[in-house]
Amino acid sequence: MRSYSPDLTPPWKRSGPAPEVPAEPDLVVEEVTTGFCGAVLRCEAGTVTLEDRFGKHRVFPLDPRGFLLEGKVVTLVRPAPSGASRPARTASGSIAVPGARARVARAGRIYVEGRHDAELVERVWGDDLRIEGVVVEYLEGIDDLPAIVAQFAPGADARLGVLVDHLVPGSKESRIAAAVTDPHVLVVGHPYIDVWEAVKPSSLGIPAWPAVPRGQDWKTGVCKALGWPANTGAAWQHILSTVHSYKDVQPELLGRVEELIDFVTTPG
C-alpha cells in the first residue's frame, strides 16, 4: 500500500492557478506573506491598497496567489470598468445563488457560546449556511465543552466546529479548548470578551467599545458607559440592527466563522 505524505507547503506557495477575484472596494482580504487583513480601498495598475480596522493603509502588488479570501487563496485582479454588471452577494460577501433552496441539514454542526453569537452568525452567514445545510446551535457557555463533544460523537461525516468567545492565551476558555483533541472537532475563537465587541464601533456610531472595570458584568457596564438603558436584551437588538453585512463585523470573527463553515462542510 502506498503511504500518504501530507503536503505541508503553505497554500499560497503551491503551484497551479487560483481563482481570480476582482478587487472591489470594501472586499476584505488577507495578504499571504504579511498577514495584513483589510478592506480594499482602491485598485490601480498592478497594486491594491488595503485599510485595516485601525485605519492603517498598506499597498500590495497584485501578485498571483497573493491573498486569502474567506480562508482560500485567490489572485486579485483589477475590477471591470464601471457599468459592468456585478453578481449579487449575500451578507457574508459570497456570490448569491438566486432561487437556491435550503439543503437538507448535515450531520455536522457549528456550536457557539450563546444566543447572541448565534444571532450574529445567522445575520451575516445565514444564506450560506442554508445552502450548505449547516445548523448553528448555542450552548449557553463552554464550561462542559469536552463532555458536550463526547456526547455529540463527531466523525468523518459529522464534523463539529465550535466558536469560543475570548479565546486568548492564558484564559479559562483557552484551557477548555485545549482539552478537546478530537480530529473531527475544530475549536476556534475571537479575542473579544463578548460577541458584542465583534461588531465594529463605527457601525454603531460610537468611537470605541468602552472599557469595563474588572469584576463588573461586562454587558451591564457597556450599557452604563454608553448611556443606554440597563436592558442588555434591548441593547443587543439595537447592536444587531446595525449589522447589515460582513463589513459591519471585525475580521477576527469573520475569518473564524468562515474557517468553521469550511471545516464542517469538508469530509474528514
# chains A, B, ... in the order shown; residues from 1 in each chain; ligands from 1

call {"tool": "select_by_dssp", "arguments": {"residues": "region 128-206 of chain A", "states": "strand (DSSP E)", "output": "PyMOL selection string"}}
result
chain A and resi 135-138+160-164+185-189

call {"tool": "write_last_selection", "arguments": {"atoms": "N, CA and C atoms", "output": "PDB file, in the first residue's frame"}}
result
ATOM      1  N   VAL A 135     -26.248  23.647  10.430  1.00  0.00           N
ATOM      2  CA  VAL A 135     -27.069  24.145  11.534  1.00  0.00           C
ATOM      3  C   VAL A 135     -26.151  24.718  12.614  1.00  0.00           C
ATOM      4  N   VAL A 136     -26.527  25.886  13.141  1.00  0.00           N
ATOM      5  CA  VAL A 136     -25.784  26.521  14.234  1.00  0.00           C
ATOM      6  C   VAL A 136     -26.608  26.399  15.514  1.00  0.00           C
ATOM      7  N   GLU A 137     -25.991  25.912  16.576  1.00  0.00           N
ATOM      8  CA  GLU A 137     -26.661  25.775  17.863  1.00  0.00           C
ATOM      9  C   GLU A 137     -25.853  26.504  18.924  1.00  0.00           C
ATOM     10  N   TYR A 138     -26.539  26.990  19.973  1.00  0.00           N
ATOM     11  CA  TYR A 138     -25.800  27.674  21.038  1.00  0.00           C
ATOM     12  C   TYR A 138     -25.846  26.864  22.319  1.00  0.00           C
ATOM     13  N   LEU A 160     -17.607  18.677  13.833  1.00  0.00           N
ATOM     14  CA  LEU A 160     -18.133  19.668  14.762  1.00  0.00           C
ATOM     15  C   LEU A 160     -17.196  20.866  14.818  1.00  0.00           C
ATOM     16  N   GLY A 161     -17.749  22.054  14.615  1.00  0.00           N
ATOM     17  CA  GLY A 161     -16.986  23.281  14.767  1.00  0.00           C
ATOM     18  C   GLY A 161     -17.507  24.064  15.959  1.00  0.00           C
ATOM     19  N   VAL A 162     -16.616  24.656  16.728  1.00  0.00           N
ATOM     20  CA  VAL A 162     -17.005  25.386  17.943  1.00  0.00           C
ATOM     21  C   VAL A 162     -16.382  26.779  17.914  1.00  0.00           C
ATOM     22  N   LEU A 163     -17.209  27.797  18.106  1.00  0.00           N
ATOM     23  CA  LEU A 163     -16.750  29.179  18.163  1.00  0.00           C
ATOM     24  C   LEU A 163     -16.770  29.633  19.622  1.00  0.00           C
ATOM     25  N   VAL A 164     -15.633  30.097  20.102  1.00  0.00           N
ATOM     26  CA  VAL A 164     -15.471  30.444  21.514  1.00  0.00           C
ATOM     27  C   VAL A 164     -15.165  31.938  21.660  1.00  0.00           C
ATOM     28  N   VAL A 185     -13.066  17.665  15.335  1.00  0.00           N
ATOM     29  CA  VAL A 185     -13.591  18.857  16.007  1.00  0.00           C
ATOM     30  C   VAL A 185     -12.598  19.989  15.814  1.00  0.00           C
ATOM     31  N   LEU A 186     -13.104  21.139  15.441  1.00  0.00           N
ATOM     32  CA  LEU A 186     -12.271  22.343  15.323  1.00  0.00           C
ATOM     33  C   LEU A 186     -12.822  23.394  16.270  1.00  0.00           C
ATOM     34  N   VAL A 187     -11.984  23.811  17.212  1.00  0.00           N
ATOM     35  CA  VAL A 187     -12.352  24.871  18.149  1.00  0.00           C
ATOM     36  C   VAL A 187     -11.551  26.112  17.804  1.00  0.00           C
ATOM     37  N   VAL A 188     -12.236  27.180  17.445  1.00  0.00           N
ATOM     38  CA  VAL A 188     -11.582  28.450  17.149  1.00  0.00           C
ATOM     39  C   VAL A 188     -12.284  29.535  17.940  1.00  0.00           C
ATOM     40  N   GLY A 189     -11.684  30.710  17.986  1.00  0.00           N
ATOM     41  CA  GLY A 189     -12.315  31.776  18.753  1.00  0.00           C
ATOM     42  C   GLY A 189     -11.841  33.144  18.342  1.00  0.00           C
TER      43      GLY A 189
END

call {"tool": "residues_around", "arguments": {"residues": "Glu197 (chain A)", "least_positions_apart": "3", "cutoff": "7 Å", "atoms": "only C-alpha atoms", "output": "list of chain:residue names"}}
result
A:Tyr192, A:Asp194, A:Trp209

call {"tool": "write_last_selection", "arguments": {"atoms": "all heavy atoms", "output": "compact mmCIF listing (two decimals), in the first residue's frame"}}
result
# COMPACT_ATOMS: atom_id res chain seq x y z
N TYR A 192 -12.47 38.76 21.70
CA TYR A 192 -13.35 39.68 22.41
C TYR A 192 -14.01 39.03 23.62
O TYR A 192 -14.34 37.84 23.59
CB TYR A 192 -14.41 40.22 21.46
CG TYR A 192 -13.81 40.84 20.22
CD1 TYR A 192 -13.97 40.26 18.97
CD2 TYR A 192 -13.01 41.99 20.32
CE1 TYR A 192 -13.38 40.81 17.84
CE2 TYR A 192 -12.42 42.54 19.21
CZ TYR A 192 -12.61 41.95 17.97
OH TYR A 192 -12.02 42.49 16.86
N ASP A 194 -16.95 39.46 24.70
CA ASP A 194 -18.29 39.05 24.30
C ASP A 194 -18.45 39.35 22.81
O ASP A 194 -17.79 40.24 22.27
CB ASP A 194 -19.34 39.82 25.11
CG ASP A 194 -20.74 39.27 24.87
OD1 ASP A 194 -21.39 39.73 23.90
OD2 ASP A 194 -21.20 38.40 25.63
N TRP A 209 -15.55 50.55 21.74
CA TRP A 209 -16.24 49.87 22.82
C TRP A 209 -15.63 50.31 24.14
O TRP A 209 -14.41 50.36 24.26
CB TRP A 209 -16.12 48.35 22.66
CG TRP A 209 -17.02 47.82 21.58
CD1 TRP A 209 -16.66 47.48 20.32
CD2 TRP A 209 -18.42 47.59 21.69
NE1 TRP A 209 -17.77 47.05 19.60
CE2 TRP A 209 -18.86 47.11 20.42
CE3 TRP A 209 -19.36 47.74 22.71
CZ2 TRP A 209 -20.19 46.78 20.18
CZ3 TRP A 209 -20.68 47.42 22.46
CH2 TRP A 209 -21.08 46.95 21.20

call {"tool": "select_by_dssp", "arguments": {"residues": "region 36-239 of chain A", "states": "helix (DSSP H, G or I)", "output": "NGL selection string"}}
result
:A and (115-132 or 145-152 or 172-178 or 195-198 or 201-204 or 218-226 or 232-239)

call {"tool": "residues_around", "arguments": {"residues": "Arg53 (chain A)", "least_positions_apart": "5", "cutoff": "10 Å", "atoms": "only C-alpha atoms", "output": "PyMOL selection string"}}
result
chain A and resi 37-39+200+202+249-251

call {"tool": "write_last_selection", "arguments": {"atoms": "N, CA and C atoms", "output": "CSV table (one decimal), in the first residue's frame"}}
result
chain,number,residue,atom,x,y,z
A,37,CYS,N,-4.6,42.2,7.2
A,37,CYS,CA,-6.0,42.0,6.8
A,37,CYS,C,-6.7,43.3,6.7
A,38,GLY,N,-7.4,43.5,5.6
A,38,GLY,CA,-8.1,44.8,5.4
A,38,GLY,C,-9.0,44.8,4.3
A,39,ALA,N,-9.8,45.9,4.2
A,39,ALA,CA,-10.7,46.1,3.1
A,39,ALA,C,-10.1,46.9,2.0
A,200,LYS,N,-18.3,46.2,14.6
A,200,LYS,CA,-17.5,47.4,14.5
A,200,LYS,C,-18.1,48.6,15.2
A,202,SER,N,-17.8,51.6,14.5
A,202,SER,CA,-18.2,52.6,13.5
A,202,SER,C,-19.6,52.3,13.0
A,249,VAL,N,-18.6,43.7,10.7
A,249,VAL,CA,-18.1,42.8,11.7
A,249,VAL,C,-16.6,42.8,11.6
A,250,GLN,N,-15.9,42.6,12.7
A,250,GLN,CA,-14.5,42.6,12.8
A,250,GLN,C,-13.9,41.4,12.1
A,251,PRO,N,-12.7,41.6,11.4
A,251,PRO,CA,-12.1,40.5,10.7
A,251,PRO,C,-11.8,39.3,11.6

call {"tool": "residues_around", "arguments": {"residues": "Thr265 (chain A)", "least_positions_apart": "2", "cutoff": "10 Å", "atoms": "only C-alpha atoms", "output": "list in words"}}
result
Arg106, Ala107, Gly108, Arg109, Leu129, Glu132, Gly133, Val134, Asp157, Ala158, Arg159, Leu160, Leu260, Ile261, Asp262, Phe263, Pro267 and Gly268 of chain A

call {"tool": "residues_around", "arguments": {"residues": "region 236-240 of chain A", "least_positions_apart": "4", "cutoff": "12 Å", "atoms": "only C-alpha atoms", "output": "NGL selection string"}}
result
:A and (115-124 or 194-206 or 209 or 219-220 or 222-223 or 228-232 or 244-245 or 248-249)

call {"tool": "closest_residue", "arguments": {"among": "A:Pro207, A:Pro169, A:Pro213, A:Gly227", "to": "Phe54 (chain A)", "atoms": "only C-alpha atoms"}}
result
A:Pro207

call {"tool": "residues_around", "arguments": {"residues": "Arg78 (chain A)", "least_positions_apart": "6", "cutoff": "8 Å", "atoms": "only C-alpha atoms", "output": "PDB file with N, CA and C atoms, in the first residue's frame"}}
result
ATOM      1  N   PRO A  22     -12.133  40.040  -8.543  1.00  0.00           N
ATOM      2  CA  PRO A  22     -11.979  41.490  -8.715  1.00  0.00           C
ATOM      3  C   PRO A  22     -11.783  42.174  -7.365  1.00  0.00           C
ATOM      4  N   ALA A  23     -10.836  43.076  -7.307  1.00  0.00           N
ATOM      5  CA  ALA A  23     -10.553  43.813  -6.071  1.00  0.00           C
ATOM      6  C   ALA A  23     -11.540  44.975  -5.932  1.00  0.00           C
ATOM      7  N   GLU A  24     -12.778  44.625  -5.644  1.00  0.00           N
ATOM      8  CA  GLU A  24     -13.835  45.625  -5.497  1.00  0.00           C
ATOM      9  C   GLU A  24     -13.668  46.369  -4.168  1.00  0.00           C
ATOM     10  N   CYS A  43      -7.856  50.042  -6.296  1.00  0.00           N
ATOM     11  CA  CYS A  43      -7.022  49.133  -7.071  1.00  0.00           C
ATOM     12  C   CYS A  43      -6.538  49.887  -8.297  1.00  0.00           C
ATOM     13  N   GLU A  44      -5.225  49.998  -8.406  1.00  0.00           N
ATOM     14  CA  GLU A  44      -4.622  50.712  -9.522  1.00  0.00           C
ATOM     15  C   GLU A  44      -3.773  49.747 -10.324  1.00  0.00           C
ATOM     16  N   ALA A  45      -3.076  50.241 -11.307  1.00  0.00           N
ATOM     17  CA  ALA A  45      -2.293  49.373 -12.190  1.00  0.00           C
ATOM     18  C   ALA A  45      -1.254  48.593 -11.391  1.00  0.00           C
TER      19      ALA A  45
END
